[in-house]
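Colleague: So that we are looking at the same thing, I have put the structure below in structure tokens.
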Amino acid sequence: MNYLYFILTVFLSFHISAVDTYFCTDDFQNLPTLQRGRVKPLYVHSQEVIKMLTGKTTINGISSTIAFCLTSLRSTGMKINLELMAPIEHEKLKKYFNLAKGTSSIRYEDLTSQFQSIRMESFRQKDKGSYKKSLDKLLNQITLYQSISSGQNWQFAALDSNNQIIWQNFLTYLTEDKIISVKANSAHPFQSIINQSKVNFDNNTKEKKYLIELLFAKMHLPLIALILTLLSLASGVLFKKFPITLVISTSTMMVQIVYLSFRIYISGRAPITNMYETVLFSGLGGLILAMGIGHFKKEKVFVFVGLAYNTCTLFMINFAHGMLDPGINPLVPVLRDNFWLSTHVTTIILSYGALALSWILANATMIRKKLTSMTSAEESYYAELIYTCLKFGTILLAAGIILGGVWADYSWGRFWGWDPKETWSLIVLCLYMAILHGKYTTWISKSKFIPLVAVAFLSVMMAWFGVNYILATGLHSYGFSQGGAIFLSVFFIVQIIVLAFTQLNFFIQKTQAENI
């Protein structure tokens, strides 16, 4: 180790005064690295880990690839000027570290020495509240940082005596002997040795999926889809020719389908195994359903509603990375049966998309009725459009629950177990069946039907997001995520405000009529 440090210091001392990134370069982006059981490009892995550690993908203008390389270089004992800072957001956590007012981050180098004390603080927490979750998240971040800074996280493709690929960490792969032998024929020995890893991998395997993933990561397809969706909505408002809107809407669907196809190819599974993928698939599924229903019903409103919902999901996909993790990770064993994954989960998420269409229509109708004049015939017409979306959503949800029960019996040996996810899915189904029955039998009037549909979607959000972000218990633990409680709370509050704003006069008039 000391000899390696000496070699690195001598070879790089001529560059330190000019460039503090040493031999680290963005050219390493296309290097294959083994992470969590699959090979991925260093560009993707470095973005994921630097984002997890700091909340950003660039540090002081330095890319995540270079930042990852420099942090790995700490394992040699060299002085690295780049400091990674851990964001500290929870107020109790700030108080625990005695952070000065206005300070919201700590150097990871300082945190590593406090790992055991932070761990004990986490053990002392009796409830699984936000403070404990923040402590546990910080512990995971420190562990990841230690893995990188010790050289264990960066895996290189080397060759054994039989020319078979073996994966070695930073210190094992970058040996003194290699540096000395390569320096005789190369002006950049470190880059040459590191790039040799790619040559080793490419020459000894037909697997080039990691290069497809690199292209996929750099295309920024979700952002393109969001722009196209916004253009579709704008064209529908600005232009009288509806085919223009249809063409752009079809384009955004194709972009999203290509994006999902990339994820399917890279992961080898259906793209519906975490919150990021379910939000993405729900938005696309809702748009496809809306365009299909709109085509058969000859009604443009469905297309606009589908675009509106797709816009909401794409905003989350593009800007809510703190809540939705875009990483492609290995599946837990229960999810490795692609038949059940592709039927049960897909059906459930499509039902959420259909029910979301009814929710947007209901809120739009209530707001329009409040702000403009709406005849009884128009209100009845929109109620029928909402009713159509509800029928699709409820049928899909019922099918998804039944398929989930069959899968549960296959995987866990029981059809139903009152797991939180199962229970909330049943609550959602019962609620929407009651609304459908009430509408069909005229037990629920149109004036009550539309607000009820808007309120009912809160149960969907609880089953979809609440179980994952708030309850965080049960056999569906593979779907749990960090963060999102604030988003869900804001969603509930905004919906209540809309209901209060649009329905207050109705309740006042009803009370006055009863008093008379």
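Labeling convention for the structure tokens: chains A, B, ... as they appear, residues from 1 per chain, ligands from 1 in order of appearance.
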Out of region 119-328 of chain A, which residues get strand (DSSP E or B) from DSSP, as a PyMOL selection string?

Modeller: chain A and resi 155-159+165-169

Colleague: Please produce an output containing N, CA and C atoms for each residue in the selection, written as a CSV table (one decimal), in the first residue's frame.

Modeller:
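The resulting file, again.csv, is shown below:
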```csv
chain,number,residue,atom,x,y,z
A,155,GLN,N,-15.5,-2.0,-9.1
A,155,GLN,CA,-15.1,-3.3,-9.5
A,155,GLN,C,-14.6,-3.3,-11.0
A,156,PHE,N,-13.4,-3.9,-11.2
A,156,PHE,CA,-12.8,-4.0,-12.5
A,156,PHE,C,-12.8,-5.4,-13.1
A,157,ALA,N,-12.9,-5.5,-14.4
A,157,ALA,CA,-12.9,-6.8,-15.0
A,157,ALA,C,-11.4,-7.2,-15.3
A,158,ALA,N,-10.9,-8.2,-14.6
A,158,ALA,CA,-9.6,-8.7,-14.8
A,158,ALA,C,-9.7,-10.1,-15.4
A,159,LEU,N,-8.5,-10.7,-15.7
A,159,LEU,CA,-8.5,-12.0,-16.3
A,159,LEU,C,-7.7,-12.9,-15.4
A,165,ILE,N,-13.0,-14.0,-16.9
A,165,ILE,CA,-13.2,-12.7,-16.2
A,165,ILE,C,-13.4,-12.9,-14.7
A,166,ILE,N,-12.6,-12.2,-13.9
A,166,ILE,CA,-12.8,-12.1,-12.5
A,166,ILE,C,-12.9,-10.6,-12.1
A,167,TRP,N,-13.7,-10.3,-11.1
A,167,TRP,CA,-13.9,-8.9,-10.8
A,167,TRP,C,-13.1,-8.6,-9.5
A,168,GLN,N,-12.3,-7.5,-9.7
A,168,GLN,CA,-11.4,-7.1,-8.6
A,168,GLN,C,-11.7,-5.6,-8.2
A,169,ASN,N,-11.5,-5.3,-6.9
A,169,ASN,CA,-11.7,-4.0,-6.5
A,169,ASN,C,-10.6,-3.1,-6.9
```

Colleague: Quick one: residues within 10 Å of Leu82 (chain A), only C-alpha atoms counted, chain neighbours fewer than 2 positions away excluded, as a PyMOL selection string?

Modeller: chain A and resi 20-21+59-60+62+67+70-71+79-80+84-85

Colleague: Keeping only N, CA, C and O atoms, write the selected residues as a PDB file, in the first residue's frame.

Modeller:
```pdb
ATOM      1  N   ASP A  20      -6.622  19.037 -10.159  1.00  0.00           N
ATOM      2  CA  ASP A  20      -6.763  18.289  -8.916  1.00  0.00           C
ATOM      3  C   ASP A  20      -7.605  17.031  -9.082  1.00  0.00           C
ATOM      4  O   ASP A  20      -7.990  16.402  -8.110  1.00  0.00           O
ATOM      5  N   THR A  21      -7.900  16.666 -10.324  1.00  0.00           N
ATOM      6  CA  THR A  21      -8.637  15.428 -10.565  1.00  0.00           C
ATOM      7  C   THR A  21      -7.695  14.274 -10.875  1.00  0.00           C
ATOM      8  O   THR A  21      -8.159  13.159 -11.133  1.00  0.00           O
ATOM      9  N   ILE A  59     -20.512  17.694  -8.304  1.00  0.00           N
ATOM     10  CA  ILE A  59     -19.963  18.274  -7.080  1.00  0.00           C
ATOM     11  C   ILE A  59     -18.975  19.369  -7.469  1.00  0.00           C
ATOM     12  O   ILE A  59     -17.924  19.087  -8.058  1.00  0.00           O
ATOM     13  N   ASN A  60     -19.343  20.615  -7.177  1.00  0.00           N
ATOM     14  CA  ASN A  60     -18.470  21.756  -7.503  1.00  0.00           C
ATOM     15  C   ASN A  60     -18.047  21.752  -8.973  1.00  0.00           C
ATOM     16  O   ASN A  60     -16.886  22.010  -9.306  1.00  0.00           O
ATOM     17  N   ILE A  62     -17.767  19.209 -10.862  1.00  0.00           N
ATOM     18  CA  ILE A  62     -17.110  17.951 -11.228  1.00  0.00           C
ATOM     19  C   ILE A  62     -18.181  16.879 -11.423  1.00  0.00           C
ATOM     20  O   ILE A  62     -19.084  16.736 -10.599  1.00  0.00           O
ATOM     21  N   ALA A  67     -15.977  12.404  -9.563  1.00  0.00           N
ATOM     22  CA  ALA A  67     -16.132  12.428  -8.105  1.00  0.00           C
ATOM     23  C   ALA A  67     -16.024  11.015  -7.529  1.00  0.00           C
ATOM     24  O   ALA A  67     -15.391  10.806  -6.481  1.00  0.00           O
ATOM     25  N   LEU A  70     -12.290   9.969  -7.754  1.00  0.00           N
ATOM     26  CA  LEU A  70     -11.474  10.641  -6.743  1.00  0.00           C
ATOM     27  C   LEU A  70     -11.725  10.074  -5.350  1.00  0.00           C
ATOM     28  O   LEU A  70     -10.797   9.886  -4.563  1.00  0.00           O
ATOM     29  N   THR A  71     -12.988   9.798  -5.055  1.00  0.00           N
ATOM     30  CA  THR A  71     -13.310   9.223  -3.735  1.00  0.00           C
ATOM     31  C   THR A  71     -12.705   7.834  -3.594  1.00  0.00           C
ATOM     32  O   THR A  71     -12.210   7.467  -2.516  1.00  0.00           O
ATOM     33  N   LYS A  79      -3.904  12.601  -0.855  1.00  0.00           N
ATOM     34  CA  LYS A  79      -4.699  13.736  -0.424  1.00  0.00           C
ATOM     35  C   LYS A  79      -5.653  14.130  -1.538  1.00  0.00           C
ATOM     36  O   LYS A  79      -5.240  14.494  -2.633  1.00  0.00           O
ATOM     37  N   ILE A  80      -6.942  14.064  -1.252  1.00  0.00           N
ATOM     38  CA  ILE A  80      -7.971  14.404  -2.230  1.00  0.00           C
ATOM     39  C   ILE A  80      -8.687  15.655  -1.748  1.00  0.00           C
ATOM     40  O   ILE A  80      -9.214  15.697  -0.630  1.00  0.00           O
ATOM     41  N   LEU A  84     -16.999  15.134  -0.173  1.00  0.00           N
ATOM     42  CA  LEU A  84     -18.420  14.829  -0.332  1.00  0.00           C
ATOM     43  C   LEU A  84     -19.139  15.188   0.961  1.00  0.00           C
ATOM     44  O   LEU A  84     -18.680  14.843   2.053  1.00  0.00           O
ATOM     45  N   MET A  85     -20.266  15.878   0.816  1.00  0.00           N
ATOM     46  CA  MET A  85     -21.023  16.352   1.973  1.00  0.00           C
ATOM     47  C   MET A  85     -22.351  15.606   2.073  1.00  0.00           C
ATOM     48  O   MET A  85     -23.076  15.476   1.086  1.00  0.00           O
TER      49      MET A  85
END
```

Colleague: A:Lys137, A:Lys421, A:Lys51, A:Lys56: which is nearest Ile348 (chain A), counting only C-alpha atoms?

Modeller: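 Closest to Ile348 (chain A), using only C-alpha atoms: A:Lys421.
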
Colleague: Restricting the calculation to only C-alpha atoms, which member of A:Asn200, A:Ser351, A:Val305, A:Val247 is positioned closest to Ile386 (chain A)?

Modeller: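 Of the candidates, the smallest distance to Ile386 (chain A) is held by A:Val305.
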
Colleague: Do a neighbour search on region 445-448 of chain A at 12 Å with only C-alpha atoms, toss out local chain neighbours closer than 2 positions, and write the hits as a ChimeraX atom specification.

Modeller: /A:362,365-366,369,376-387,435-443,450-455,499,502-503,506-507,510

Colleague: Just the residues within 9 Å of region 27-33 of chain A, please, counting only C-alpha atoms, with nothing from its chain fewer than 5 positions along; format it as a ChimeraX atom specification.

Modeller: /A:38-46,65-66,69,154-157,167,191,194-195,197-198,201,210-211,214

Colleague: Would you please work out which residue, of A:Trp424, A:Tyr108, A:Ile142, A:Val255, is nearest to Leu226 (chain A) when using only C-alpha atoms?

Modeller: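 Selected residue with least distance to Leu226 (chain A): A:Val255.
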
Colleague: With distances taken over only C-alpha atoms, which of A:Thr205, A:Thr273, A:Thr57, A:Asn318 is nearest to His220 (chain A)?

Modeller: A:Asn318

Colleague: Would you mind listing what lies within 12 Å of Ile248 (chain A) as number ranges by chain, with only C-alpha atoms counted and same-chain residues fewer than 6 positions away left out?

Modeller: A: 224-236, 242, 254-255, 303, 307

Colleague: Can those selected residues be exported to a file as a tab-separated table (two decimals), in the first residue's frame so that it contains N, CA and C atoms?

Modeller:
```tsv
chain	number	residue	atom	x	y	z
A	224	ILE	N	-37.76	14.25	-22.57
A	224	ILE	CA	-38.31	14.42	-23.92
A	224	ILE	C	-39.81	14.13	-23.92
A	225	ALA	N	-40.20	13.06	-23.21
A	225	ALA	CA	-41.61	12.70	-23.13
A	225	ALA	C	-42.41	13.80	-22.45
A	226	LEU	N	-41.87	14.39	-21.40
A	226	LEU	CA	-42.56	15.48	-20.70
A	226	LEU	C	-42.76	16.68	-21.62
A	227	ILE	N	-41.73	17.04	-22.36
A	227	ILE	CA	-41.83	18.18	-23.29
A	227	ILE	C	-42.88	17.91	-24.35
A	228	LEU	N	-42.89	16.69	-24.89
A	228	LEU	CA	-43.88	16.34	-25.92
A	228	LEU	C	-45.30	16.35	-25.34
A	229	THR	N	-45.44	15.90	-24.10
A	229	THR	CA	-46.77	15.90	-23.48
A	229	THR	C	-47.29	17.32	-23.28
A	230	LEU	N	-46.41	18.20	-22.84
A	230	LEU	CA	-46.80	19.60	-22.68
A	230	LEU	C	-47.13	20.23	-24.03
A	231	LEU	N	-46.38	19.87	-25.05
A	231	LEU	CA	-46.69	20.37	-26.40
A	231	LEU	C	-48.03	19.85	-26.89
A	232	SER	N	-48.35	18.61	-26.53
A	232	SER	CA	-49.66	18.04	-26.92
A	232	SER	C	-50.80	18.83	-26.29
A	233	LEU	N	-50.66	19.12	-25.00
A	233	LEU	CA	-51.69	19.90	-24.32
A	233	LEU	C	-51.79	21.30	-24.91
A	234	ALA	N	-50.65	21.92	-25.20
A	234	ALA	CA	-50.65	23.27	-25.77
A	234	ALA	C	-51.28	23.28	-27.16
A	235	SER	N	-50.97	22.27	-27.96
A	235	SER	CA	-51.54	22.22	-29.32
A	235	SER	C	-53.05	22.04	-29.28
A	236	GLY	N	-53.54	21.30	-28.28
A	236	GLY	CA	-54.98	21.12	-28.15
A	236	GLY	C	-55.70	22.41	-27.81
A	242	PHE	N	-57.47	18.97	-34.38
A	242	PHE	CA	-57.18	17.99	-33.34
A	242	PHE	C	-56.15	16.94	-33.77
A	254	MET	N	-44.87	6.91	-27.87
A	254	MET	CA	-43.79	6.12	-28.46
A	254	MET	C	-42.48	6.32	-27.69
A	255	VAL	N	-42.21	7.56	-27.28
A	255	VAL	CA	-40.98	7.83	-26.52
A	255	VAL	C	-41.02	7.06	-25.20
A	303	VAL	N	-58.70	12.33	-24.24
A	303	VAL	CA	-57.30	12.52	-24.64
A	303	VAL	C	-56.65	13.60	-23.77
A	307	LEU	N	-53.55	13.12	-21.20
A	307	LEU	CA	-52.34	13.94	-21.28
A	307	LEU	C	-52.07	14.65	-19.96
```

Colleague: Neighbouring residues of Leu355 (chain A) were defined as those with any atom within 8 Å, considering only C-alpha atoms; residues of the same chain fewer than 6 positions away were excluded. Please report them as a tab-separated table (two decimals) with N, CA and C atoms, in the first residue's frame.

Modeller:
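Listing of around.tsv after writing:
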```tsv
chain	number	residue	atom	x	y	z
A	389	CYS	N	-64.73	5.87	-17.04
A	389	CYS	CA	-63.38	5.63	-16.51
A	389	CYS	C	-63.43	4.73	-15.27
A	390	LEU	N	-64.45	4.97	-14.43
A	390	LEU	CA	-64.58	4.16	-13.21
A	390	LEU	C	-64.80	2.69	-13.53
A	392	PHE	N	-63.81	0.96	-16.16
A	392	PHE	CA	-62.55	0.36	-16.58
A	392	PHE	C	-61.63	0.14	-15.38
A	393	GLY	N	-61.49	1.18	-14.55
A	393	GLY	CA	-60.60	1.09	-13.41
A	393	GLY	C	-61.01	0.03	-12.40
A	394	THR	N	-62.29	-0.07	-12.11
A	394	THR	CA	-62.77	-1.03	-11.11
A	394	THR	C	-62.62	-2.46	-11.59
A	457	PHE	N	-60.34	8.84	-4.80
A	457	PHE	CA	-58.98	8.64	-5.28
A	457	PHE	C	-57.95	8.76	-4.16
```

Colleague: With only C-alpha atoms as the basis for distance, which of A:Thr245, A:His295, A:Leu260, A:Gly405 is at the shortest distance from Gly283 (chain A)?

Modeller: A:Leu260

Colleague: Restricting the calculation to only C-alpha atoms, which member of A:Gln152, A:Thr347, A:Thr375, A:Thr313 is positioned closest to Leu403 (chain A)?

Modeller: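 Distance minimum relative to Leu403 (chain A) lands on A:Thr347.
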
Colleague: Can you work out the spacing between CA of Asn162 (chain A) and CA of Pro330 (chain A) in Å, to one decimal?

Modeller: 28.9 Å

Colleague: Report the distance between CA of Glu91 (chain A) and CA of Ile106 (chain A) in Å, rounded to one decimal place.

Modeller: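 Spanning CA of Glu91 (chain A) to CA of Ile106 (chain A) is a straight-line distance of 13.9 Å.
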
Colleague: List the spatial neighbours of Ile401 (chain A) as a PyMOL selection string - criterion: any atom at most 8 Å away, only C-alpha atoms, same-chain residues fewer than 3 positions off excluded.

Modeller: chain A and resi 344+348+397-398+404-405+422+425-426

Colleague: Could you dump the residues just selected with all heavy atoms as a compact mmCIF listing (two decimals), in the first residue's frame?

Modeller:
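Okay, part08.txt is ready:
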```txt
# COMPACT_ATOMS: atom_id res chain seq x y z
N HIS A 344 -50.37 -9.54 -12.61
CA HIS A 344 -50.94 -8.94 -11.40
C HIS A 344 -50.57 -7.46 -11.26
O HIS A 344 -51.46 -6.60 -11.17
CB HIS A 344 -50.46 -9.73 -10.17
CG HIS A 344 -50.60 -8.98 -8.88
ND1 HIS A 344 -51.81 -8.53 -8.40
CD2 HIS A 344 -49.66 -8.59 -7.98
CE1 HIS A 344 -51.62 -7.90 -7.25
NE2 HIS A 344 -50.32 -7.91 -6.98
N ILE A 348 -52.98 -4.04 -11.81
CA ILE A 348 -53.22 -3.10 -10.71
C ILE A 348 -52.82 -1.68 -11.11
O ILE A 348 -53.58 -0.71 -10.89
CB ILE A 348 -52.45 -3.53 -9.45
CG1 ILE A 348 -53.02 -4.82 -8.86
CG2 ILE A 348 -52.47 -2.41 -8.40
CD1 ILE A 348 -54.37 -4.67 -8.19
N LEU A 397 -58.97 -3.32 -11.42
CA LEU A 397 -58.54 -3.47 -10.03
C LEU A 397 -59.00 -4.81 -9.47
O LEU A 397 -58.23 -5.51 -8.78
CB LEU A 397 -59.08 -2.32 -9.18
CG LEU A 397 -58.70 -2.33 -7.70
CD1 LEU A 397 -57.19 -2.28 -7.54
CD2 LEU A 397 -59.36 -1.16 -6.97
N ALA A 398 -60.25 -5.19 -9.75
CA ALA A 398 -60.76 -6.48 -9.26
C ALA A 398 -59.96 -7.63 -9.85
O ALA A 398 -59.58 -8.57 -9.14
CB ALA A 398 -62.25 -6.61 -9.64
N GLY A 404 -53.46 -11.25 -7.87
CA GLY A 404 -52.53 -11.15 -6.75
C GLY A 404 -52.75 -12.24 -5.73
O GLY A 404 -51.79 -12.77 -5.15
N GLY A 405 -54.01 -12.61 -5.50
CA GLY A 405 -54.32 -13.69 -4.57
C GLY A 405 -53.78 -15.02 -5.06
O GLY A 405 -53.22 -15.82 -4.29
N GLU A 422 -52.69 -5.60 0.62
CA GLU A 422 -53.89 -6.33 0.25
C GLU A 422 -55.13 -5.67 0.84
O GLU A 422 -56.15 -5.50 0.14
CB GLU A 422 -53.79 -7.78 0.75
CG GLU A 422 -52.65 -8.56 0.15
CD GLU A 422 -52.43 -9.90 0.84
OE1 GLU A 422 -53.07 -10.14 1.88
OE2 GLU A 422 -51.63 -10.68 0.34
N SER A 425 -55.95 -2.38 -0.92
CA SER A 425 -56.48 -2.65 -2.27
C SER A 425 -57.94 -3.06 -2.20
O SER A 425 -58.76 -2.63 -3.03
CB SER A 425 -55.66 -3.75 -2.95
OG SER A 425 -54.33 -3.33 -3.16
N LEU A 426 -58.28 -3.87 -1.19
CA LEU A 426 -59.67 -4.28 -1.02
C LEU A 426 -60.55 -3.10 -0.63
O LEU A 426 -61.69 -2.98 -1.09
CB LEU A 426 -59.75 -5.38 0.05
CG LEU A 426 -61.14 -5.98 0.29
CD1 LEU A 426 -61.67 -6.63 -0.98
CD2 LEU A 426 -61.09 -6.99 1.43
```
